[in-house]
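What's in work_22.csv: CSV, C-alpha atoms
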chain,number,residue,atom,x,y,z
Q,9,MET,CA,59.0,74.2,161.9
Q,10,THR,CA,56.5,72.0,160.2
Q,11,PRO,CA,55.6,72.0,156.5
Q,12,ASP,CA,52.2,73.5,157.4
Q,13,GLU,CA,53.9,76.3,159.2
Q,14,VAL,CA,56.1,77.0,156.1
Q,15,LEU,CA,52.9,77.0,154.0
Q,16,ALA,CA,51.2,79.3,156.4
Q,17,ARG,CA,54.0,81.8,156.2
Q,18,LEU,CA,53.9,81.6,152.4
Q,19,ASP,CA,50.2,82.2,152.4
Q,20,ALA,CA,50.4,85.8,151.1
Q,21,PRO,CA,52.7,85.1,148.0
Q,22,LEU,CA,50.8,81.9,147.3
Q,23,SER,CA,47.4,83.7,147.0
Q,24,LEU,CA,46.3,83.8,143.3
Q,25,ARG,CA,43.8,86.6,144.1
Q,26,ARG,CA,46.7,88.8,145.5
Q,27,ARG,CA,48.9,88.2,142.4
Q,28,VAL,CA,46.1,89.0,140.0
Q,29,GLY,CA,45.3,92.0,142.1
Q,30,TYR,CA,48.8,93.4,141.6
Q,31,VAL,CA,48.5,92.8,137.8
Q,32,ILE,CA,45.2,94.7,137.7
Q,33,LEU,CA,46.8,97.5,139.7
Q,34,ALA,CA,49.7,97.7,137.3
Q,35,PHE,CA,47.4,97.7,134.2
Q,36,ALA,CA,45.0,100.2,135.8
Q,37,GLY,CA,47.9,102.6,136.6
Q,38,LEU,CA,49.3,102.3,133.0
Q,39,THR,CA,45.9,102.7,131.3
Q,40,GLY,CA,45.0,105.7,133.5
Q,41,SER,CA,48.4,107.4,132.9
Q,42,ALA,CA,48.2,106.8,129.2
Q,43,LEU,CA,44.7,108.3,128.9
Q,44,ILE,CA,45.6,111.4,131.0
Q,45,SER,CA,48.7,111.9,128.9
Q,46,LEU,CA,46.6,111.7,125.8
Q,47,LEU,CA,44.1,114.2,127.2
Q,48,TRP,CA,47.0,116.5,128.1
Q,49,ALA,CA,48.5,116.2,124.6
Q,50,THR,CA,45.3,116.8,122.7
Q,51,GLU,CA,43.8,119.6,124.8
Q,52,PRO,CA,45.2,123.0,123.9
Q,53,GLY,CA,45.4,125.9,126.3
Q,54,LEU,CA,45.2,124.0,129.6
Q,55,PRO,CA,45.8,126.2,132.7
Q,56,LEU,CA,48.9,125.6,134.7
Q,57,ARG,CA,47.1,124.1,137.7
Q,58,THR,CA,45.4,121.6,135.4
Q,59,LYS,CA,48.8,120.6,133.9
Q,60,VAL,CA,50.2,120.2,137.4
Q,61,ALA,CA,47.2,118.0,138.4
Q,62,PHE,CA,47.6,115.9,135.3
Q,63,ALA,CA,51.3,115.5,135.9
Q,64,ILE,CA,50.7,114.3,139.5
Q,65,LEU,CA,48.0,111.9,138.3
Q,66,ILE,CA,50.3,110.5,135.6
Q,67,ALA,CA,53.1,110.1,138.2
Q,68,ILE,CA,50.7,108.3,140.6
Q,69,GLY,CA,49.5,105.9,137.8
Q,70,MET,CA,53.1,105.2,136.7
Q,71,GLY,CA,54.0,104.6,140.4
Q,72,TRP,CA,51.3,102.0,140.7
Q,73,THR,CA,52.4,100.4,137.5
Q,74,ALA,CA,56.0,100.2,138.6
Q,75,PHE,CA,55.0,98.8,142.0
Q,76,GLY,CA,52.7,96.2,140.5
Q,77,GLY,CA,55.3,95.2,137.9
Q,78,TRP,CA,58.0,94.9,140.6
Q,79,VAL,CA,55.8,92.7,142.8
Q,80,VAL,CA,54.8,90.3,140.0
Q,81,THR,CA,58.4,90.0,138.7
Q,82,ARG,CA,60.4,90.0,141.9
Q,83,ARG,CA,58.2,89.2,144.9
Q,84,THR,CA,55.4,86.9,143.8
Q,85,PRO,CA,56.2,85.6,140.3
Q,86,LEU,CA,53.4,84.6,138.0
Q,87,PHE,CA,52.8,81.0,137.2
Q,88,ALA,CA,51.5,79.6,133.9
Q,89,ARG,CA,47.9,80.0,134.8
Q,90,ASP,CA,48.5,83.5,136.2
Q,91,ARG,CA,50.3,84.6,133.0
Q,92,VAL,CA,47.2,83.6,131.0
Q,93,VAL,CA,45.0,85.7,133.3
Q,94,ALA,CA,47.5,88.5,133.1
Q,95,GLY,CA,47.5,88.2,129.3
Q,96,TRP,CA,43.7,88.6,129.2
Q,97,LEU,CA,43.9,91.5,131.6
Q,98,GLY,CA,46.5,93.1,129.3
Q,99,VAL,CA,44.0,92.7,126.4
Q,100,GLY,CA,41.3,94.3,128.6
Q,101,ALA,CA,43.6,97.2,129.5
Q,102,TRP,CA,44.4,97.7,125.8
Q,103,LEU,CA,40.7,97.7,125.0
Q,104,ALA,CA,40.0,100.3,127.7
Q,105,PHE,CA,42.9,102.5,126.4
Q,106,ALA,CA,41.7,102.2,122.8
Q,107,LEU,CA,38.1,103.1,123.6
Q,108,GLY,CA,39.2,105.9,125.9
Q,109,ALA,CA,41.6,107.2,123.3
Q,110,LEU,CA,38.9,107.2,120.6
Q,111,ALA,CA,36.5,108.9,122.9
Q,112,ILE,CA,39.0,111.6,123.7
Q,113,THR,CA,40.3,112.3,120.1
Q,114,LEU,CA,37.5,111.4,117.7
Q,115,PRO,CA,35.0,114.2,118.6
Q,116,ARG,CA,37.6,117.0,118.2
Q,117,HIS,CA,40.4,115.8,116.0
Q,118,GLY,CA,39.0,113.0,114.0
Q,119,ILE,CA,41.2,110.0,113.2
Q,120,ASN,CA,44.8,110.6,114.1
Q,121,LEU,CA,47.1,108.2,112.2
Q,122,SER,CA,50.0,108.3,114.7
Q,123,LEU,CA,47.6,107.5,117.5
Q,124,LEU,CA,46.0,104.7,115.5
Q,125,GLY,CA,49.5,103.3,114.9
Q,126,ILE,CA,50.2,103.3,118.6
Q,127,MET,CA,46.9,101.6,119.3
Q,128,VAL,CA,47.5,98.9,116.8
Q,129,THR,CA,51.0,98.3,118.0
Q,130,LEU,CA,49.8,98.0,121.6
Q,131,GLY,CA,47.0,95.7,120.5
Q,132,VAL,CA,49.5,93.4,118.7
Q,133,LEU,CA,51.7,93.4,121.8
Q,134,ALA,CA,48.8,92.4,124.0
Q,135,ALA,CA,47.7,89.7,121.7
Q,136,VAL,CA,51.2,88.2,121.3
Q,137,ASN,CA,51.7,88.3,125.1
Q,138,LEU,CA,48.4,86.4,125.6
Q,139,GLN,CA,49.3,83.9,122.9
Q,140,THR,CA,52.7,83.2,124.4
Q,141,ALA,CA,51.3,82.7,127.8
Q,142,ARG,CA,48.6,80.3,126.5
Q,143,ARG,CA,51.2,78.4,124.5
Q,144,ALA,CA,53.5,78.0,127.5
Q,145,ARG,CA,50.5,76.8,129.6
Q,146,VAL,CA,49.5,74.3,127.0
Q,147,THR,CA,53.0,72.9,126.9
Q,148,LEU,CA,53.0,72.4,130.6
Q,149,VAL,CA,49.6,70.8,130.6
Q,150,ARG,CA,50.7,68.4,128.0
Q,151,ARG,CA,53.8,67.6,130.0
Q,152,ARG,CA,51.7,67.1,133.1
Q,153,THR,CA,49.4,64.6,131.2
Q,154,GLU,CA,52.5,62.6,130.0
Q,155,LEU,CA,54.0,62.5,133.4
Q,156,ALA,CA,50.7,61.5,135.1
Q,157,ARG,CA,50.3,58.7,132.5
Q,158,ASP,CA,53.9,57.5,133.1
Q,159,ASN,CA,53.2,57.6,136.9
Q,160,SER,CA,50.1,55.5,136.5
Q,161,THR,CA,51.9,53.0,134.3
Q,162,THR,CA,54.7,52.6,136.9
Q,163,VAL,CA,52.3,52.1,139.7
Q,164,LEU,CA,50.3,49.5,137.7
Q,165,THR,CA,53.6,47.7,136.8
Q,166,HIS,CA,54.6,47.6,140.5
Q,167,LEU,CA,51.2,46.3,141.5
Q,168,ARG,CA,51.3,43.5,138.9
Q,169,GLN,CA,54.8,42.6,140.0
Q,170,ALA,CA,53.6,42.4,143.6
Q,171,GLU,CA,50.7,40.2,142.6
Q,172,ASP,CA,53.0,37.9,140.7
Q,173,THR,CA,55.3,37.6,143.7
Q,174,ASP,CA,52.3,36.8,146.0
Q,175,ARG,CA,51.2,34.0,143.6
Q,176,GLU,CA,54.7,32.5,143.6
T,18,MET,CA,53.7,61.0,142.5
T,19,SER,CA,57.1,62.0,140.9
T,20,ASP,CA,58.9,65.2,141.8
T,21,GLU,CA,58.9,66.2,138.2
T,22,LEU,CA,55.1,65.9,138.0
T,23,LEU,CA,54.8,68.0,141.1
T,24,VAL,CA,57.1,70.6,139.8
T,25,VAL,CA,55.1,70.9,136.5
T,26,ARG,CA,51.9,71.2,138.5
T,27,CYS,CA,53.5,73.9,140.6
T,28,GLN,CA,54.6,75.7,137.4
T,29,LEU,CA,51.0,75.6,136.2
T,30,GLY,CA,50.0,77.4,139.4
T,31,GLU,CA,48.4,74.5,141.4
T,32,ARG,CA,48.6,75.5,145.0
T,33,ASP,CA,48.0,72.0,146.4
T,34,ALA,CA,51.0,70.7,144.3
T,35,PHE,CA,53.2,73.2,146.0
T,36,ALA,CA,51.9,72.1,149.4
T,37,GLU,CA,52.7,68.5,148.5
T,38,LEU,CA,56.2,69.5,147.3
T,39,VAL,CA,56.9,71.4,150.6
T,40,ARG,CA,55.6,68.4,152.6
T,41,GLY,CA,57.8,66.0,150.7
T,42,TRP,CA,61.0,68.0,150.7
T,43,HIS,CA,60.8,70.0,153.9
T,44,PRO,CA,62.5,67.4,156.1
T,45,ALA,CA,65.5,67.3,153.7
T,46,VAL,CA,65.8,71.1,153.6
T,47,GLU,CA,65.5,71.4,157.4
T,48,ARG,CA,68.1,68.6,157.9
T,49,TYR,CA,70.5,70.2,155.5
T,50,VAL,CA,70.2,73.7,156.9
T,51,GLY,CA,70.3,72.3,160.5
T,52,ARG,CA,73.4,70.2,159.9
T,53,MET,CA,75.2,73.0,158.0
T,54,LEU,CA,74.5,75.6,160.5
T,55,GLY,CA,75.0,73.4,163.6
T,56,GLY,CA,71.4,73.8,164.7
T,57,SER,CA,67.9,74.4,163.2
T,58,ASP,CA,67.2,77.9,161.8
T,59,ASP,CA,63.6,78.5,160.8
T,60,ASP,CA,64.4,81.8,159.1
T,61,VAL,CA,66.9,80.2,156.7
T,62,VAL,CA,64.4,77.3,156.0
T,63,GLN,CA,61.7,79.9,155.3
T,64,GLU,CA,64.1,81.9,153.1
T,65,VAL,CA,64.8,78.7,151.1
T,66,TRP,CA,61.1,77.9,150.5
T,67,LEU,CA,60.4,81.5,149.5
T,68,ALA,CA,63.2,81.4,147.0
T,69,VAL,CA,61.9,78.1,145.7
T,70,PHE,CA,58.5,79.6,145.3
T,71,ARG,CA,59.8,82.6,143.4
T,72,GLY,CA,62.2,80.6,141.2
T,73,LEU,CA,59.8,77.7,140.3
T,74,PRO,CA,58.3,79.5,137.2
T,75,ARG,CA,61.8,79.9,135.8
T,76,LEU,CA,63.0,76.3,136.5
T,77,ARG,CA,63.6,74.9,133.0
T,78,ARG,CA,64.7,71.3,133.9
T,79,SER,CA,61.7,70.1,136.0
T,80,ASP,CA,63.5,66.7,136.3
T,81,ARG,CA,66.4,68.3,138.1
T,82,PHE,CA,64.4,69.6,141.0
T,83,ALA,CA,66.6,68.1,143.8
T,84,PRO,CA,69.9,69.7,142.8
T,85,TRP,CA,68.2,73.0,142.1
T,86,LEU,CA,66.5,72.9,145.6
T,87,PHE,CA,69.8,72.2,147.3
T,88,THR,CA,71.6,74.9,145.2
T,89,ILE,CA,69.1,77.4,146.7
T,90,ALA,CA,69.5,75.9,150.2
T,91,ARG,CA,73.2,76.1,149.9
T,92,ARG,CA,73.0,79.8,148.8
T,93,ALA,CA,70.9,80.6,151.9
T,94,VAL,CA,73.3,78.7,154.1
T,95,MET,CA,76.3,80.4,152.5
T,96,ASN,CA,74.9,83.8,153.4
T,97,ARG,CA,75.0,82.7,157.0
T,98,LEU,CA,78.4,81.1,156.7
T,99,ARG,CA,80.1,83.6,154.5
T,100,ASP,CA,83.2,83.7,156.7
T,101,ALA,CA,83.5,79.9,156.7
T,102,TYR,CA,83.3,79.7,152.9
T,103,ALA,CA,85.7,82.7,152.4
T,104,ARG,CA,88.7,80.7,153.7
T,105,PRO,CA,91.0,79.2,150.9
T,106,GLU,CA,90.5,75.7,149.8
T,107,PRO,CA,92.9,73.5,151.8
T,108,ALA,CA,95.5,71.3,150.1
T,109,PRO,CA,94.4,67.7,149.5
T,110,ILE,CA,95.1,65.2,152.3
T,111,THR,CA,97.7,62.8,151.0
T,112,ASP,CA,98.5,60.7,154.0
T,113,ILE,CA,95.3,58.7,154.0
T,114,PRO,CA,95.0,55.0,153.2
T,115,ASP,CA,94.2,54.1,149.6
T,116,ARG,CA,90.8,52.9,150.4
T,117,ASP,CA,89.8,56.3,151.6
T,118,ARG,CA,90.8,57.8,148.3
T,119,ASP,CA,88.5,55.4,146.4
T,120,LEU,CA,85.5,56.7,144.5
T,121,PRO,CA,82.7,57.7,146.9
T,122,ASP,CA,80.4,55.0,145.7
T,123,ASP,CA,82.7,52.3,147.0
T,124,ASP,CA,80.7,49.9,149.2
T,125,GLU,CA,83.4,49.5,151.7
T,126,ALA,CA,83.6,53.2,152.3
T,127,ASP,CA,79.8,53.4,152.6
T,128,GLY,CA,80.0,50.7,155.3
T,129,VAL,CA,82.6,52.7,157.2
T,130,ILE,CA,80.6,55.8,157.4
T,131,ASP,CA,77.6,55.1,159.5
T,132,ARG,CA,74.9,57.7,159.1
T,133,GLN,CA,74.3,58.4,162.7
T,134,LEU,CA,78.0,58.8,163.5
T,135,LEU,CA,78.4,61.0,160.5
T,136,ALA,CA,75.6,63.2,161.6
T,137,GLY,CA,77.1,63.5,165.1
T,138,ALA,CA,80.6,64.5,164.0
T,139,LEU,CA,79.6,66.7,161.1
T,140,ALA,CA,79.6,69.9,163.2
T,141,ALA,CA,83.3,69.7,163.6
T,142,LEU,CA,84.0,69.7,159.8
T,143,PRO,CA,84.7,72.8,157.7
T,144,ALA,CA,81.7,74.0,155.7
T,145,ARG,CA,82.8,72.8,152.3
T,146,GLU,CA,83.6,69.3,153.5
T,147,ARG,CA,80.5,69.1,155.6
T,148,GLU,CA,78.2,70.0,152.7
T,149,VAL,CA,79.5,67.4,150.3
T,150,LEU,CA,79.1,64.7,153.0
T,151,LEU,CA,75.6,65.9,153.7
T,152,LEU,CA,74.6,66.0,150.1
T,153,PHE,CA,76.2,62.7,149.1
T,154,HIS,CA,75.7,60.5,152.1
T,155,LEU,CA,72.7,61.9,153.9
T,156,GLU,CA,70.6,63.2,151.0
T,157,ASP,CA,71.8,60.5,148.5
T,158,LEU,CA,72.4,63.0,145.7
T,159,PRO,CA,74.6,61.6,142.9
T,160,LEU,CA,78.0,63.0,142.3
T,161,ASP,CA,77.0,65.2,139.3
T,162,ALA,CA,74.1,66.7,141.3
T,163,CYS,CA,76.5,67.4,144.2
T,164,ALA,CA,78.8,69.1,141.7
T,165,GLN,CA,75.9,71.2,140.4
T,166,VAL,CA,74.8,72.2,143.8
T,167,CYS,CA,78.3,73.2,144.9
T,168,ALA,CA,79.1,74.8,141.5
T,169,VAL,CA,82.4,72.8,141.2
T,170,PRO,CA,83.6,70.0,138.9
T,171,VAL,CA,82.8,66.4,139.8
T,172,GLY,CA,86.5,65.9,140.5
T,173,THR,CA,86.5,68.6,143.1
T,174,VAL,CA,83.5,67.0,144.8
T,175,LYS,CA,85.4,63.7,144.9
T,176,SER,CA,88.5,65.3,146.4
T,177,ARG,CA,86.3,67.1,149.0
T,178,LEU,CA,84.6,63.9,149.8
T,179,ASN,CA,87.9,62.1,150.3
T,180,ARG,CA,89.2,65.0,152.5
T,181,ALA,CA,85.9,65.1,154.4
T,182,ARG,CA,86.1,61.4,155.1
T,183,ALA,CA,89.7,61.7,156.4
T,184,LEU,CA,88.7,64.6,158.6
T,185,LEU,CA,85.7,62.8,159.8
T,186,ARG,CA,87.7,59.7,160.6
T,187,GLN,CA,90.1,61.8,162.6
T,188,GLU,CA,87.2,63.4,164.4
T,189,LEU,CA,85.5,60.1,165.1
T,190,LEU,CA,88.7,58.6,166.4
T,191,ARG,CA,89.3,61.6,168.5
T,192,LYS,CA,85.9,61.1,170.0
T,193,GLY,CA,86.8,57.6,170.8
T,194,TYR,CA,84.8,55.8,168.1
T,195,GLN,CA,86.3,52.7,166.4
T,196,ALA,CA,86.4,52.9,162.5

Whole structure, structure tokens version:
Amino acid sequence: MTPDEVLARLDAPLSLRRRVGYVILAFAGLTGSALISLLWATEPGLPLRTKVAFAILIAIGMGWTAFGGWVVTRRTPLFARDRVVAGWLGVGAWLAFALGALAITLPRHGINLSLLGIMVTLGVLAAVNLQTARRARVTLVRRRTELARDNSTTVLTHLRQAEDTDRE
Amino acid sequence: MSDELLVVRCQLGERDAFAELVRGWHPAVERYVGRMLGGSDDDVVQEVWLAVFRGLPRLRRSDRFAPWLFTIARRAVMNRLRDAYARPEPAPITDIPDRDRDLPDDDEADGVIDRQLLAGALAALPAREREVLLLFHLEDLPLDACAQVCAVPVGTVKSRLNRARALLRQELLRKGYQA
């Protein structure tokens, strides 16, 4: 087996688009489930068949979340750049949830403090996650620059030594 | 380009760096797997690279890539050779000449073990002895890296190397080679 054959077999896990796709899938499932749960909790007197339909939709959403989470932690892990992308997607998912939650609750119930607390907590979590991913990436970029500089210095030193030897 | 730089670039998510890493290390992985299993095995090699890809984001010491890679390769090989590794560790061989019990970085010992002869007779050695010979003599890993890969103390690596050399010597003599 040649290295190119190895790389061809690893094509699926190596695809950034595919990894980001799984992250989007996980966040979409989570946001959808959360909004449906909120609708269920704030809507009084729902008929039984609506409750069953909501339960099924929540289960489907959580299923996609679990699957996406499993893929990006066990099957195709996220690299530093992917984590930053995932961090931004997390912020986007939080924003979608927050706007959806406000749209569902504000017209009928006004401002609900416990819901507001949950939204702020989730927002802080999303921001911290994004910041951690960005910091980790910056650390690696700095290390890459240092190593590339060391590499260039070593190559230049070898070249000078070779030139000196030729002159002798 | 150094391996550490390649590893850092991989951890950042640069796909071409991973391709370069595979191209640089694939022959060593294929050689190790082939020699340990007594023949090439594409599935195991593939399993090793998949595990490397999955584990790279969690690799803390980017400067210790080679021992980490061989640890993964060893695990994949162990899964295939579970029975061979399950046997108890044999007693040290004591009836070997003093020079065979010298430290493995001894020049004289290095001269005795010709790489080609070593590769040819390796198949006859037990798995533990074969792997230390492969890692130390064929892959040129230092003793501490061999110890890390095999998850044993450095002293154990040395004793396995001594035992492996004695067994290899017997094997080569049996095949008619002159040491």

Open item on the list: So, with all atoms listed in the file as the atoms that count, which of T:Leu151, T:Arg145, T:Phe70, T:Phe35 lies closest to Val169 (chain T)?
Closed with: T:Arg145

Non-local contacts of Gly29 (chain Q) (9 Å; all atoms listed in the file; under 5 positions in same chain excluded) as an mmCIF file with C-alpha atoms, in the frame of the given file:
data_model
loop_
_atom_site.group_PDB
_atom_site.id
_atom_site.type_symbol
_atom_site.label_atom_id
_atom_site.label_comp_id
_atom_site.auth_asym_id
_atom_site.auth_seq_id
_atom_site.Cartn_x
_atom_site.Cartn_y
_atom_site.Cartn_z
ATOM 1 C CA LEU Q 24 46.300 83.800 143.300
ATOM 2 C CA ALA Q 34 49.700 97.700 137.300
ATOM 3 C CA GLY Q 76 52.700 96.200 140.500
#

Contact check, chain T to chain Q, at most 7 Å, counting all atoms listed in the file, closest pairs as a tab-separated table:
residue	atom	partner	partner_atom	distance
T:Met18	CA	Q:Asn159	CA	6.6
T:Leu22	CA	Q:Leu155	CA	5.8
T:Val25	CA	Q:Arg152	CA	6.1
T:Arg26	CA	Q:Arg152	CA	6.8
T:Gln28	CA	Q:Phe87	CA	5.6
T:Leu29	CA	Q:Ala88	CA	4.6
T:Gly30	CA	Q:Phe87	CA	5.1
T:Ala36	CA	Q:Leu15	CA	6.8
T:Val39	CA	Q:Pro11	CA	6.1
T:Arg40	CA	Q:Pro11	CA	5.3
T:His43	CA	Q:Pro11	CA	6.1
T:Asp59	CA	Q:Met9	CA	6.4
T:Gln63	CA	Q:Val14	CA	6.4
T:Arg71	CA	Q:Pro85	CA	5.6
T:Pro74	CA	Q:Phe87	CA	5.7

Open item on the list: Please list as a list in words every residue within 9 Å of Trp102 (chain Q), counting all atoms listed in the file and excluding residues in the same chain fewer than 2 positions away.
Closed with: Phe35, Thr39, Leu97, Gly98, Val99, Gly100, Ala104, Phe105, Ala106, Leu107, Met127, Leu130, Gly131 and Ala134 of chain Q

- [ ] Work out how far CA of Trp42 (chain T) is from CA of Leu73 (chain T), in Å to one decimal.
- [x]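 So the two atoms, CA of Leu73 (chain T) and CA of Trp42 (chain T), lie 14.3 Å apart.
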
Open item on the list: Which residues are close to Ala138 (chain T), i.e. within 8 Å by only C-alpha atoms, leaving aside same-chain residues fewer than 6 positions away? Reply as a list of chain:residue names.
Closed with: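 Neighbouring residues, sequence-local ones excluded: T:Leu185, T:Glu188, T:Leu189.
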
- [ ] Choose the residue, out of T:Val65, T:Leu38, T:Leu190, T:Leu139, that has the smallest atom-to-atom separation from Phe87 (chain T); count all atoms listed in the file.
- [x]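 Residue with the minimum atom-to-atom distance to Phe87 (chain T): T:Val65.
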
Test item: residues at most 8 Å from Ile89 (chain T), only C-alpha atoms, excluding those fewer than 4 positions along its chain, as a PDB file with C-alpha atoms, keeping the file's coordinate frame:
ATOM      1  CA  VAL T  65      64.800  78.700 151.100  1.00  0.00           C
ATOM      2  CA  ALA T  68      63.200  81.400 147.000  1.00  0.00           C
ATOM      3  CA  VAL T  69      61.900  78.100 145.700  1.00  0.00           C
ATOM      4  CA  TRP T  85      68.200  73.000 142.100  1.00  0.00           C
ATOM      5  CA  ALA T  93      70.900  80.600 151.900  1.00  0.00           C
TER       6      ALA T  93
END

- [ ] Using CA of Leu150 (chain T) and CA of Gly41 (chain T) as the two end points, give the distance in Å to one decimal.
- [x]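 Value for the CA of Leu150 (chain T)-CA of Gly41 (chain T) distance: 21.5 Å.
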
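Interatomic distance, CA of Arg143 (chain Q) against CA of Leu38 (chain Q): 25.4 Å.
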
Open item on the list: Considering only C-alpha atoms, can you say which of T:Arg99, T:Arg147, T:Arg75, T:Arg32 comes closest to Gly55 (chain T)?
Closed with: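 Closest residue, counting only C-alpha atoms: T:Arg147.
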
TODO: Name all residues at most 9 Å from Ala83 (chain T) (count only C-alpha atoms; drop same-chain ones fewer than 5 positions away) and give them as a list in words.
DONE: Asp20, Trp42, Thr88, Leu158 and Ala162 of chain T

Task: Of the listed residues T:Leu98, T:Ser19, T:Cys27, T:Leu155, that which approaches Val46 (chain T) most closely, counting only C-alpha atoms - done: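 Closest candidate: T:Leu155.
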
Task: Nearest to Arg91 (chain T), chosen from T:Glu148, T:Asp157, T:Glu37, T:Asp58, with all atoms listed in the file counted in the distances - done: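 Using all atoms listed in the file, the shortest distance to Arg91 (chain T) belongs to T:Glu148.
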